[in-house]
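Trainee: The structure under discussion is supplied below as C-alpha cells; questions concerning it will follow.
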There are 2 protein chains.
Amino acid sequence: MDCGFRFRPTEEELVNHYLRKKKQDKDFKVDHIIPEIDICKYEPWDLPGLFTEPESPYQDMFFFSPRDYKYINNRARTNRVTERGFWKITGKERVIKGPRGSIGRKKTLTFYEAGPAGHSLLA
Amino acid sequence: MDCGFRFRPTEEELVNHYLRKKKQDKDFKVDHIIPEIDICKYEPWDLPGLFTEPESPYQDMFFFSPRDYKYINNRARTNRVTERGFWKITGKERVIKGPRGSIGRKKTLTFYEAGPAGHSLLA
C-alpha cells in the first residue's frame with residue numbers, strides 16, 4: 001500500500017462490494033481489511049486495540065459483527081449487551097442507496113455503561 | 001488498489017515522504033499519485049478535469065506546482081497569476097510538524113477572478 005492511502009469506503013462500497021462478496025463468495029479474503037468480531041464480546045474501549053495498525057483511536061474503524069438475537073425463536077430483537085453495558089440505537093435509521101435504489105440500512109448505536117451488577121437490588 | 005482505499009495523506013506524509021523523495025530521488029515515480037502541474041497555466045475550474053479518475057469535483061486534489069517568481073533576480077515574490085485571475089494568500093501561514101520539529105509551511109490560497117482585461121483603462 002502506497003504511503004498516504006487509507007480505507008475510507010463509501011457506504012455503498014461497504015454494502016455492495018464488501019458485505020455482498022463476504023456473504024456470496026467463500027474464498028473472498030476480507031479479514032485484513034474488515035475483520036469480523038462479535039461486538040457483544042468486547043467493550044467499546046477495547047476495540048481500537050484489536051486493530052494491528054491503529055492510526056489513531058479516534059479514527060473510524062470498520063468491522064463486521066454477526067447479529068445475535070435475544071430469543072432463539074424470535075428474530076425481532078437483537079442482542080447488543082456486553083459484560084459492562086449495552087449498545088442502544090440512537091437517532092433515525094437511514095437508507096443506504098445504491099445505483100438502483102436501497103441496498104441497506106444504517107443504524108447508529110451509542111454505548112451505555114451499566115452500573116455495578118446487582119447493586120440496585122442490594123441497596 | 002483495493003475497493004474503498006483513497007489517497008488521504010497527512011501533511012507530514014506529503015512533505016516528509018512525497019516531496020522529499022521527489023526532490024531527492026530522480027527515479028521516484030509519483031506522478032500517478034501526485035501529478036506536477038503549473039497552477040499559473042490553469043484556471044481553478046479546469047483542475048478537476050486533469051485528474052483521470054475524479055471521484056467528485058468537490059474532493060481534495062493533490063498536485064505539486066513549481067514555484068514561479070515575479071522577478072528573475074528576486075525570489076521574494078511568487079507569481080500566482082493565471083490568464084483569468086490570480087491566487088492570493090489568505091489567513092495565517094501554518095507550520096507542518098514532523099517527529100523532530102518543523103518540516104514545512106502551509107499556506108492557503110484563494111482564487112480571485114479578474115475583470116475583463118483592459119476594461120477599466122478603456123472606460
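How things are named: the first chain in the C-alpha cells is A, the next is B, and so on; residues count from 1 in each chain; ligands count from 1 in the order shown.
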Tell me, which residues of chain B carry DSSP alpha helix (DSSP H), written as number ranges by chain?
Mentor: B: 11-12, 20-24, 119-122
Trainee: For those residues, write N, CA, C and O atoms to a file as a PDB file, in the first residue's frame.
Mentor:
```pdb
ATOM      1  N   GLU B  11      -0.337  15.794   6.382  1.00  0.00           N
ATOM      2  CA  GLU B  11       0.585  16.825   5.902  1.00  0.00           C
ATOM      3  C   GLU B  11       2.034  16.349   6.049  1.00  0.00           C
ATOM      4  O   GLU B  11       2.877  16.615   5.200  1.00  0.00           O
ATOM      5  N   GLU B  12       2.301  15.633   7.123  1.00  0.00           N
ATOM      6  CA  GLU B  12       3.652  15.109   7.321  1.00  0.00           C
ATOM      7  C   GLU B  12       4.024  14.122   6.212  1.00  0.00           C
ATOM      8  O   GLU B  12       5.147  14.145   5.696  1.00  0.00           O
ATOM      9  N   ARG B  20       9.882  15.131  -0.268  1.00  0.00           N
ATOM     10  CA  ARG B  20      11.301  14.836  -0.042  1.00  0.00           C
ATOM     11  C   ARG B  20      11.837  13.842  -1.075  1.00  0.00           C
ATOM     12  O   ARG B  20      12.887  14.069  -1.691  1.00  0.00           O
ATOM     13  N   LYS B  21      11.093  12.769  -1.298  1.00  0.00           N
ATOM     14  CA  LYS B  21      11.563  11.770  -2.278  1.00  0.00           C
ATOM     15  C   LYS B  21      11.583  12.332  -3.692  1.00  0.00           C
ATOM     16  O   LYS B  21      12.473  12.029  -4.481  1.00  0.00           O
ATOM     17  N   LYS B  22      10.593  13.140  -3.998  1.00  0.00           N
ATOM     18  CA  LYS B  22      10.539  13.736  -5.337  1.00  0.00           C
ATOM     19  C   LYS B  22      11.765  14.622  -5.585  1.00  0.00           C
ATOM     20  O   LYS B  22      12.320  14.643  -6.693  1.00  0.00           O
ATOM     21  N   LYS B  23      12.196  15.354  -4.569  1.00  0.00           N
ATOM     22  CA  LYS B  23      13.360  16.231  -4.714  1.00  0.00           C
ATOM     23  C   LYS B  23      14.670  15.441  -4.723  1.00  0.00           C
ATOM     24  O   LYS B  23      15.630  15.824  -5.383  1.00  0.00           O
ATOM     25  N   GLN B  24      14.710  14.352  -3.943  1.00  0.00           N
ATOM     26  CA  GLN B  24      15.992  13.684  -3.718  1.00  0.00           C
ATOM     27  C   GLN B  24      16.241  12.513  -4.656  1.00  0.00           C
ATOM     28  O   GLN B  24      17.382  12.183  -4.957  1.00  0.00           O
ATOM     29  N   HIS B 119     -10.399  46.614 -19.398  1.00  0.00           N
ATOM     30  CA  HIS B 119     -11.690  47.280 -19.408  1.00  0.00           C
ATOM     31  C   HIS B 119     -11.662  48.632 -18.680  1.00  0.00           C
ATOM     32  O   HIS B 119     -12.176  49.634 -19.192  1.00  0.00           O
ATOM     33  N   SER B 120     -11.026  48.644 -17.522  1.00  0.00           N
ATOM     34  CA  SER B 120     -11.026  49.885 -16.732  1.00  0.00           C
ATOM     35  C   SER B 120     -10.219  50.990 -17.435  1.00  0.00           C
ATOM     36  O   SER B 120     -10.513  52.167 -17.295  1.00  0.00           O
ATOM     37  N   LEU B 121      -9.224  50.594 -18.205  1.00  0.00           N
ATOM     38  CA  LEU B 121      -8.439  51.597 -18.939  1.00  0.00           C
ATOM     39  C   LEU B 121      -9.260  52.227 -20.064  1.00  0.00           C
ATOM     40  O   LEU B 121      -9.125  53.407 -20.372  1.00  0.00           O
ATOM     41  N   LEU B 122     -10.122  51.428 -20.646  1.00  0.00           N
ATOM     42  CA  LEU B 122     -10.924  51.919 -21.774  1.00  0.00           C
ATOM     43  C   LEU B 122     -12.115  52.770 -21.323  1.00  0.00           C
ATOM     44  O   LEU B 122     -12.604  53.597 -22.069  1.00  0.00           O
TER      45      LEU B 122
END
```
Trainee: Can you check which residues of range 25-90 of chain A DSSP gives as strand (DSSP E or B) on the backbone and send them as a PyMOL selection string?
Mentor: chain A and resi 36+64+69-71+74-78+81+85-90
Trainee: Now that the selection is made, can you save its residues with N, CA and C atoms as a CSV table (one decimal), in the first residue's frame?
Mentor:
```csv
chain,number,residue,atom,x,y,z
A,36,GLU,N,-13.9,-9.6,11.3
A,36,GLU,CA,-15.2,-9.9,11.9
A,36,GLU,C,-15.0,-10.2,13.4
A,64,PHE,N,-17.1,-6.2,10.7
A,64,PHE,CA,-18.4,-6.9,10.6
A,64,PHE,C,-18.7,-7.6,12.0
A,69,TYR,N,-29.4,-12.7,18.5
A,69,TYR,CA,-30.8,-12.4,18.8
A,69,TYR,C,-31.1,-12.7,20.3
A,70,LYS,N,-32.0,-11.9,20.9
A,70,LYS,CA,-32.3,-12.0,22.3
A,70,LYS,C,-33.0,-13.4,22.5
A,71,TYR,N,-33.8,-13.8,21.6
A,71,TYR,CA,-34.6,-15.1,21.8
A,71,TYR,C,-34.3,-16.0,20.6
A,74,ASN,N,-37.2,-16.0,18.0
A,74,ASN,CA,-37.8,-14.8,17.6
A,74,ASN,C,-36.7,-13.8,17.1
A,75,ARG,N,-36.7,-13.4,15.9
A,75,ARG,CA,-35.7,-12.5,15.3
A,75,ARG,C,-36.0,-11.1,15.4
A,76,ALA,N,-37.0,-10.7,16.2
A,76,ALA,CA,-37.5,-9.3,16.3
A,76,ALA,C,-36.5,-8.5,17.0
A,77,ARG,N,-35.8,-9.0,18.0
A,77,ARG,CA,-35.0,-8.2,18.9
A,77,ARG,C,-33.5,-8.7,18.9
A,78,THR,N,-32.6,-7.7,18.6
A,78,THR,CA,-31.2,-8.0,18.5
A,78,THR,C,-30.6,-7.8,19.9
A,81,VAL,N,-25.8,-6.7,24.2
A,81,VAL,CA,-25.4,-6.5,25.6
A,81,VAL,C,-23.9,-7.0,25.7
A,85,GLY,N,-22.0,-3.2,29.7
A,85,GLY,CA,-23.0,-2.2,29.3
A,85,GLY,C,-23.8,-2.8,28.1
A,86,PHE,N,-24.3,-1.8,27.3
A,86,PHE,CA,-25.1,-2.3,26.1
A,86,PHE,C,-25.1,-1.2,25.1
A,87,TRP,N,-25.3,-1.6,23.8
A,87,TRP,CA,-25.4,-0.7,22.7
A,87,TRP,C,-26.9,-0.4,22.4
A,88,LYS,N,-27.2,0.8,22.2
A,88,LYS,CA,-28.6,1.2,22.0
A,88,LYS,C,-28.7,2.1,20.8
A,89,ILE,N,-29.8,1.8,20.0
A,89,ILE,CA,-30.0,2.6,18.8
A,89,ILE,C,-30.3,4.0,19.1
A,90,THR,N,-29.7,4.9,18.4
A,90,THR,CA,-29.9,6.4,18.6
A,90,THR,C,-30.2,7.0,17.3
```
Trainee: For chain A against chain B, with a cut-off of 8 Å and counting only C-alpha atoms, what is the closest atom pair and its distance in Å to one decimal for every residue that makes the cut, ordered by chain and number, as a Markdown table?
Mentor:
```
| residue | atom | partner | partner_atom | distance |
| --- | --- | --- | --- | --- |
| A:Met1 | CA | B:Met1 | CA | 7.9 |
| A:Cys3 | CA | B:Glu13 | CA | 7.2 |
| A:Gly4 | CA | B:Pro9 | CA | 3.9 |
| A:Phe5 | CA | B:Phe7 | CA | 4.3 |
| A:Arg6 | CA | B:Phe5 | CA | 5.3 |
| A:Phe7 | CA | B:Phe5 | CA | 4.3 |
| A:Arg8 | CA | B:Gly4 | CA | 5.6 |
| A:Pro9 | CA | B:Gly4 | CA | 3.9 |
| A:Thr10 | CA | B:Gly4 | CA | 6.8 |
| A:Glu13 | CA | B:Gly4 | CA | 6.5 |
| A:Leu14 | CA | B:Gly4 | CA | 7.9 |
| A:His17 | CA | B:Cys3 | CA | 7.7 |
```
Trainee: Which distance in Å separates CA of Arg80 in chain A and CA of Pro44 in chain A, to one decimal?
Mentor: 11.8 Å
Trainee: Produce the least-squares-superposed copy of chain A, fitted on chain B over all in-order C-alpha pairs, as a tab-separated table (two decimals) with N, CA and C atoms, in the first residue's frame.
Mentor:
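To be explicit, this is the file written out as superposed.tsv:
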```
chain	number	residue	atom	x	y	z
A	1	MET	N	-5.35	-1.51	-6.41
A	1	MET	CA	-5.86	-0.83	-5.20
A	1	MET	C	-7.20	-1.43	-4.80
A	2	ASP	N	-7.27	-1.84	-3.54
A	2	ASP	CA	-8.54	-2.41	-3.08
A	2	ASP	C	-9.65	-1.35	-3.05
A	3	CYS	N	-10.85	-1.82	-3.27
A	3	CYS	CA	-12.05	-0.97	-3.24
A	3	CYS	C	-12.14	-0.19	-1.92
A	4	GLY	N	-12.41	1.08	-1.98
A	4	GLY	CA	-12.63	1.87	-0.77
A	4	GLY	C	-11.39	2.56	-0.22
A	5	PHE	N	-10.22	2.29	-0.82
A	5	PHE	CA	-9.01	2.97	-0.35
A	5	PHE	C	-8.82	4.25	-1.15
A	6	ARG	N	-8.50	5.31	-0.46
A	6	ARG	CA	-8.36	6.61	-1.11
A	6	ARG	C	-7.12	7.33	-0.59
A	7	PHE	N	-6.63	8.23	-1.40
A	7	PHE	CA	-5.44	8.99	-1.02
A	7	PHE	C	-5.84	10.09	-0.04
A	8	ARG	N	-5.55	9.86	1.22
A	8	ARG	CA	-5.87	10.84	2.27
A	8	ARG	C	-4.62	11.02	3.13
A	9	PRO	N	-3.58	11.63	2.55
A	9	PRO	CA	-2.31	11.72	3.26
A	9	PRO	C	-2.36	12.77	4.37
A	10	THR	N	-1.54	12.57	5.38
A	10	THR	CA	-1.35	13.62	6.37
A	10	THR	C	-0.38	14.64	5.78
A	11	GLU	N	-0.34	15.82	6.38
A	11	GLU	CA	0.59	16.84	5.90
A	11	GLU	C	2.03	16.36	6.04
A	12	GLU	N	2.29	15.63	7.12
A	12	GLU	CA	3.64	15.11	7.33
A	12	GLU	C	4.02	14.12	6.22
A	13	GLU	N	3.09	13.26	5.82
A	13	GLU	CA	3.38	12.32	4.74
A	13	GLU	C	3.64	13.05	3.42
A	14	LEU	N	2.88	14.11	3.17
A	14	LEU	CA	3.08	14.87	1.93
A	14	LEU	C	4.49	15.46	1.87
A	15	VAL	N	4.94	16.02	2.97
A	15	VAL	CA	6.25	16.68	2.97
A	15	VAL	C	7.38	15.67	3.16
A	16	ASN	N	7.29	14.87	4.20
A	16	ASN	CA	8.42	14.00	4.56
A	16	ASN	C	8.58	12.81	3.62
A	17	HIS	N	7.49	12.31	3.07
A	17	HIS	CA	7.59	11.19	2.14
A	17	HIS	C	7.61	11.69	0.69
A	18	TYR	N	6.51	12.27	0.26
A	18	TYR	CA	6.36	12.56	-1.17
A	18	TYR	C	7.25	13.69	-1.67
A	19	LEU	N	7.21	14.83	-1.01
A	19	LEU	CA	8.00	15.96	-1.51
A	19	LEU	C	9.51	15.67	-1.37
A	20	ARG	N	9.89	15.09	-0.23
A	20	ARG	CA	11.31	14.80	0.00
A	20	ARG	C	11.84	13.81	-1.04
A	21	LYS	N	11.10	12.73	-1.27
A	21	LYS	CA	11.57	11.73	-2.25
A	21	LYS	C	11.58	12.29	-3.66
A	22	LYS	N	10.59	13.11	-3.97
A	22	LYS	CA	10.55	13.71	-5.31
A	22	LYS	C	11.78	14.59	-5.56
A	23	LYS	N	12.22	15.31	-4.53
A	23	LYS	CA	13.37	16.19	-4.67
A	23	LYS	C	14.69	15.41	-4.68
A	24	GLN	N	14.72	14.31	-3.88
A	24	GLN	CA	16.00	13.63	-3.66
A	24	GLN	C	16.25	12.46	-4.61
A	25	ASP	N	15.16	11.80	-5.03
A	25	ASP	CA	15.33	10.54	-5.77
A	25	ASP	C	14.78	10.69	-7.19
A	26	LYS	N	15.70	10.74	-8.16
A	26	LYS	CA	15.30	10.96	-9.56
A	26	LYS	C	14.42	9.82	-10.08
A	27	ASP	N	14.57	8.62	-9.50
A	27	ASP	CA	13.82	7.46	-9.99
A	27	ASP	C	12.47	7.28	-9.30
A	28	PHE	N	12.16	8.15	-8.38
A	28	PHE	CA	10.90	8.03	-7.64
A	28	PHE	C	9.73	8.42	-8.55
A	29	LYS	N	8.85	7.46	-8.79
A	29	LYS	CA	7.69	7.72	-9.65
A	29	LYS	C	6.51	8.12	-8.77
A	30	VAL	N	6.02	9.31	-8.99
A	30	VAL	CA	4.95	9.82	-8.11
A	30	VAL	C	3.83	10.51	-8.88
A	31	ASP	N	4.05	10.72	-10.20
A	31	ASP	CA	3.07	11.48	-10.99
A	31	ASP	C	1.68	10.84	-11.02
A	32	HIS	N	1.62	9.52	-10.84
A	32	HIS	CA	0.31	8.86	-10.86
A	32	HIS	C	-0.45	9.08	-9.55
A	33	ILE	N	0.28	9.53	-8.52
A	33	ILE	CA	-0.37	9.80	-7.23
A	33	ILE	C	-0.52	11.31	-7.03
A	34	ILE	N	0.58	12.03	-7.22
A	34	ILE	CA	0.55	13.49	-7.12
A	34	ILE	C	1.18	14.06	-8.38
A	35	PRO	N	0.38	14.40	-9.38
A	35	PRO	CA	0.95	14.94	-10.62
A	35	PRO	C	1.55	16.33	-10.40
A	36	GLU	N	2.46	16.68	-11.29
A	36	GLU	CA	3.04	18.03	-11.22
A	36	GLU	C	2.44	18.89	-12.32
A	37	ILE	N	1.86	20.00	-11.93
A	37	ILE	CA	1.30	20.93	-12.91
A	37	ILE	C	1.74	22.33	-12.54
A	38	ASP	N	1.65	23.23	-13.50
A	38	ASP	CA	1.94	24.64	-13.24
A	38	ASP	C	0.60	25.33	-13.01
A	39	ILE	N	0.34	25.73	-11.77
A	39	ILE	CA	-1.00	26.28	-11.49
A	39	ILE	C	-1.26	27.58	-12.25
A	40	CYS	N	-0.20	28.27	-12.70
A	40	CYS	CA	-0.42	29.50	-13.46
A	40	CYS	C	-0.96	29.21	-14.86
A	41	LYS	N	-0.84	27.98	-15.30
A	41	LYS	CA	-1.28	27.63	-16.66
A	41	LYS	C	-2.72	27.12	-16.71
A	42	TYR	N	-3.36	27.02	-15.55
A	42	TYR	CA	-4.74	26.52	-15.50
A	42	TYR	C	-5.61	27.45	-14.68
A	43	GLU	N	-6.88	27.48	-15.04
A	43	GLU	CA	-7.86	28.14	-14.17
A	43	GLU	C	-8.34	27.08	-13.17
A	44	PRO	N	-8.74	27.52	-11.97
A	44	PRO	CA	-9.11	26.53	-10.94
A	44	PRO	C	-10.22	25.57	-11.39
A	45	TRP	N	-11.16	26.06	-12.18
A	45	TRP	CA	-12.27	25.19	-12.60
A	45	TRP	C	-11.84	24.14	-13.62
A	46	ASP	N	-10.63	24.29	-14.16
A	46	ASP	CA	-10.13	23.27	-15.10
A	46	ASP	C	-9.37	22.15	-14.39
A	47	LEU	N	-9.02	22.37	-13.12
A	47	LEU	CA	-8.17	21.39	-12.43
A	47	LEU	C	-8.83	20.02	-12.24
A	48	PRO	N	-10.11	19.94	-11.82
A	48	PRO	CA	-10.68	18.59	-11.64
A	48	PRO	C	-10.61	17.74	-12.90
A	49	GLY	N	-10.73	18.35	-14.07
A	49	GLY	CA	-10.68	17.61	-15.32
A	49	GLY	C	-9.32	17.02	-15.63
A	50	LEU	N	-8.27	17.48	-14.95
A	50	LEU	CA	-6.93	16.95	-15.20
A	50	LEU	C	-6.72	15.59	-14.54
A	51	PHE	N	-7.57	15.28	-13.57
A	51	PHE	CA	-7.41	14.03	-12.85
A	51	PHE	C	-8.22	12.95	-13.54
A	52	THR	N	-7.56	11.84	-13.85
A	52	THR	CA	-8.20	10.84	-14.70
A	52	THR	C	-9.41	10.19	-14.03
A	53	GLU	N	-9.36	10.04	-12.72
A	53	GLU	CA	-10.49	9.44	-12.05
A	53	GLU	C	-11.03	10.37	-10.96
A	54	PRO	N	-11.64	11.46	-11.37
A	54	PRO	CA	-12.16	12.36	-10.34
A	54	PRO	C	-13.35	11.71	-9.64
A	55	GLU	N	-13.18	11.46	-8.36
A	55	GLU	CA	-14.27	10.87	-7.61
A	55	GLU	C	-15.42	11.88	-7.51
A	56	SER	N	-15.02	13.11	-7.33
A	56	SER	CA	-15.99	14.18	-7.21
A	56	SER	C	-15.22	15.48	-7.34
A	57	PRO	N	-15.79	16.44	-8.03
A	57	PRO	CA	-15.07	17.70	-8.18
A	57	PRO	C	-14.88	18.45	-6.86
A	58	TYR	N	-15.59	18.03	-5.82
A	58	TYR	CA	-15.48	18.73	-4.54
A	58	TYR	C	-14.49	18.06	-3.61
A	59	GLN	N	-13.90	16.95	-4.05
A	59	GLN	CA	-12.96	16.25	-3.21
A	59	GLN	C	-11.57	16.92	-3.30
A	60	ASP	N	-10.77	16.71	-2.27
A	60	ASP	CA	-9.42	17.24	-2.30
A	60	ASP	C	-8.64	16.67	-3.47
A	61	MET	N	-7.84	17.51	-4.10
A	61	MET	CA	-6.92	17.05	-5.14
A	61	MET	C	-5.52	17.42	-4.68
A	62	PHE	N	-4.55	16.61	-5.04
A	62	PHE	CA	-3.17	16.88	-4.62
A	62	PHE	C	-2.29	16.99	-5.86
A	63	PHE	N	-1.53	18.06	-5.92
A	63	PHE	CA	-0.54	18.15	-6.99
A	63	PHE	C	0.62	19.01	-6.53
A	64	PHE	N	1.75	18.80	-7.19
A	64	PHE	CA	2.90	19.66	-6.98
A	64	PHE	C	2.88	20.74	-8.05
A	65	SER	N	3.32	21.93	-7.70
A	65	SER	CA	3.42	23.00	-8.69
A	65	SER	C	4.76	23.70	-8.48
A	66	PRO	N	5.55	23.82	-9.55
A	66	PRO	CA	6.85	24.52	-9.37
A	66	PRO	C	6.58	25.99	-9.03
A	67	ARG	N	7.46	26.54	-8.25
A	67	ARG	CA	7.29	27.94	-7.87
A	67	ARG	C	7.80	28.84	-8.98
A	68	ASP	N	7.01	29.85	-9.27
A	68	ASP	CA	7.38	30.80	-10.31
A	68	ASP	C	7.54	32.16	-9.63
A	69	TYR	N	8.61	32.87	-9.97
A	69	TYR	CA	8.86	34.15	-9.30
A	69	TYR	C	8.53	35.32	-10.21
A	70	LYS	N	8.07	36.39	-9.57
A	70	LYS	CA	7.69	37.59	-10.33
A	70	LYS	C	8.89	38.18	-11.05
A	71	TYR	N	10.04	38.17	-10.38
A	71	TYR	CA	11.24	38.80	-10.94
A	71	TYR	C	12.37	37.78	-10.97
A	72	ILE	N	13.06	37.66	-12.08
A	72	ILE	CA	14.06	36.61	-12.19
A	72	ILE	C	15.24	36.82	-11.24
A	73	ASN	N	15.47	38.05	-10.84
A	73	ASN	CA	16.61	38.29	-9.95
A	73	ASN	C	16.21	38.49	-8.48
A	74	ASN	N	14.97	38.15	-8.16
A	74	ASN	CA	14.49	38.39	-6.80
A	74	ASN	C	13.46	37.31	-6.43
A	75	ARG	N	13.78	36.51	-5.42
A	75	ARG	CA	12.89	35.39	-5.08
A	75	ARG	C	11.93	35.76	-3.94
A	76	ALA	N	11.77	37.06	-3.71
A	76	ALA	CA	10.91	37.48	-2.60
A	76	ALA	C	9.42	37.30	-2.94
A	77	ARG	N	9.06	37.44	-4.20
A	77	ARG	CA	7.64	37.41	-4.55
A	77	ARG	C	7.33	36.32	-5.56
A	78	THR	N	6.32	35.52	-5.21
A	78	THR	CA	5.92	34.40	-6.05
A	78	THR	C	4.84	34.86	-7.04
A	79	ASN	N	4.96	34.39	-8.26
A	79	ASN	CA	3.96	34.70	-9.27
A	79	ASN	C	2.85	33.65	-9.24
A	80	ARG	N	1.62	34.09	-9.03
A	80	ARG	CA	0.50	33.15	-9.01
A	80	ARG	C	-0.64	33.68	-9.88
A	81	VAL	N	-0.28	34.27	-11.01
A	81	VAL	CA	-1.27	34.84	-11.92
A	81	VAL	C	-1.62	33.84	-13.01
A	82	THR	N	-2.91	33.65	-13.26
A	82	THR	CA	-3.36	32.81	-14.37
A	82	THR	C	-3.92	33.74	-15.45
A	83	GLU	N	-4.42	33.18	-16.53
A	83	GLU	CA	-4.98	34.01	-17.60
A	83	GLU	C	-6.21	34.78	-17.11
A	84	ARG	N	-6.99	34.14	-16.24
A	84	ARG	CA	-8.28	34.72	-15.87
A	84	ARG	C	-8.34	35.29	-14.46
A	85	GLY	N	-7.25	35.23	-13.72
A	85	GLY	CA	-7.29	35.76	-12.36
A	85	GLY	C	-5.98	35.50	-11.64
A	86	PHE	N	-6.04	35.41	-10.32
A	86	PHE	CA	-4.81	35.18	-9.55
A	86	PHE	C	-5.14	34.50	-8.22
A	87	TRP	N	-4.14	33.80	-7.70
A	87	TRP	CA	-4.23	33.17	-6.39
A	87	TRP	C	-3.61	34.09	-5.36
A	88	LYS	N	-4.30	34.27	-4.24
A	88	LYS	CA	-3.82	35.20	-3.21
A	88	LYS	C	-3.82	34.48	-1.87
A	89	ILE	N	-2.77	34.71	-1.09
A	89	ILE	CA	-2.69	34.09	0.23
A	89	ILE	C	-3.80	34.61	1.13
A	90	THR	N	-4.44	33.70	1.83
A	90	THR	CA	-5.49	34.09	2.76
A	90	THR	C	-5.20	33.45	4.11
A	91	GLY	N	-5.52	34.14	5.16
A	91	GLY	CA	-5.34	33.59	6.51
A	91	GLY	C	-3.88	33.48	6.90
A	92	LYS	N	-3.66	32.79	7.99
A	92	LYS	CA	-2.33	32.69	8.57
A	92	LYS	C	-1.56	31.49	8.04
A	93	GLU	N	-0.29	31.67	7.84
A	93	GLU	CA	0.56	30.55	7.46
A	93	GLU	C	0.66	29.60	8.65
A	94	ARG	N	0.63	28.30	8.38
A	94	ARG	CA	0.76	27.32	9.46
A	94	ARG	C	2.04	26.51	9.29
A	95	VAL	N	2.56	26.04	10.40
A	95	VAL	CA	3.76	25.20	10.37
A	95	VAL	C	3.34	23.73	10.32
A	96	ILE	N	3.98	22.94	9.46
A	96	ILE	CA	3.74	21.50	9.42
A	96	ILE	C	4.82	20.83	10.25
A	97	LYS	N	4.37	20.08	11.24
A	97	LYS	CA	5.33	19.49	12.19
A	97	LYS	C	5.63	18.03	11.86
A	98	GLY	N	6.88	17.68	11.94
A	98	GLY	CA	7.29	16.29	11.82
A	98	GLY	C	7.68	15.77	13.19
A	99	PRO	N	8.22	14.56	13.24
A	99	PRO	CA	8.58	13.98	14.54
A	99	PRO	C	9.65	14.79	15.28
A	100	ARG	N	10.48	15.54	14.52
A	100	ARG	CA	11.54	16.32	15.18
A	100	ARG	C	11.43	17.80	14.82
A	101	GLY	N	10.22	18.34	14.88
A	101	GLY	CA	10.05	19.78	14.67
A	101	GLY	C	9.53	20.13	13.28
A	102	SER	N	9.61	21.39	12.95
A	102	SER	CA	9.03	21.93	11.72
A	102	SER	C	9.63	21.30	10.46
A	103	ILE	N	8.78	20.88	9.54
A	103	ILE	CA	9.26	20.32	8.27
A	103	ILE	C	8.72	21.09	7.07
A	104	GLY	N	7.83	22.05	7.31
A	104	GLY	CA	7.30	22.78	6.18
A	104	GLY	C	6.32	23.84	6.63
A	105	ARG	N	5.85	24.59	5.65
A	105	ARG	CA	4.86	25.62	5.94
A	105	ARG	C	3.67	25.45	5.01
A	106	LYS	N	2.50	25.75	5.52
A	106	LYS	CA	1.28	25.57	4.74
A	106	LYS	C	0.59	26.92	4.56
A	107	LYS	N	0.37	27.25	3.30
A	107	LYS	CA	-0.35	28.49	2.99
A	107	LYS	C	-1.68	28.12	2.36
A	108	THR	N	-2.68	28.91	2.59
A	108	THR	CA	-3.97	28.74	1.93
A	108	THR	C	-4.12	29.85	0.90
A	109	LEU	N	-4.46	29.46	-0.32
A	109	LEU	CA	-4.63	30.44	-1.39
A	109	LEU	C	-6.09	30.48	-1.83
A	110	THR	N	-6.56	31.65	-2.12
A	110	THR	CA	-7.92	31.83	-2.65
A	110	THR	C	-7.78	32.40	-4.05
A	111	PHE	N	-8.64	31.94	-4.96
A	111	PHE	CA	-8.57	32.45	-6.33
A	111	PHE	C	-9.49	33.64	-6.51
A	112	TYR	N	-8.96	34.69	-7.13
A	112	TYR	CA	-9.77	35.86	-7.46
A	112	TYR	C	-9.85	35.97	-8.97
A	113	GLU	N	-11.06	36.03	-9.49
A	113	GLU	CA	-11.22	36.18	-10.93
A	113	GLU	C	-11.07	37.66	-11.27
A	114	ALA	N	-10.27	37.94	-12.28
A	114	ALA	CA	-10.06	39.33	-12.68
A	114	ALA	C	-11.19	39.76	-13.62
A	115	GLY	N	-11.45	41.04	-13.69
A	115	GLY	CA	-12.45	41.56	-14.62
A	115	GLY	C	-11.93	41.45	-16.05
A	116	PRO	N	-12.74	41.84	-17.04
A	116	PRO	CA	-12.28	41.80	-18.43
A	116	PRO	C	-11.01	42.64	-18.59
A	117	ALA	N	-10.00	42.08	-19.24
A	117	ALA	CA	-8.68	42.72	-19.33
A	117	ALA	C	-8.78	44.10	-19.97
A	118	GLY	N	-8.19	45.11	-19.33
A	118	GLY	CA	-8.13	46.44	-19.90
A	118	GLY	C	-9.42	47.24	-19.83
A	119	HIS	N	-10.45	46.61	-19.30
A	119	HIS	CA	-11.76	47.25	-19.32
A	119	HIS	C	-11.75	48.59	-18.57
A	120	SER	N	-11.12	48.62	-17.42
A	120	SER	CA	-11.15	49.84	-16.61
A	120	SER	C	-10.38	50.97	-17.29
A	121	LEU	N	-9.36	50.61	-18.08
A	121	LEU	CA	-8.61	51.63	-18.78
A	121	LEU	C	-9.44	52.26	-19.90
A	122	LEU	N	-10.30	51.46	-20.49
A	122	LEU	CA	-11.11	51.94	-21.61
A	122	LEU	C	-12.31	52.76	-21.16
A	123	ALA	N	-12.75	52.54	-19.93
A	123	ALA	CA	-14.00	53.16	-19.48
A	123	ALA	C	-13.85	54.69	-19.36
```
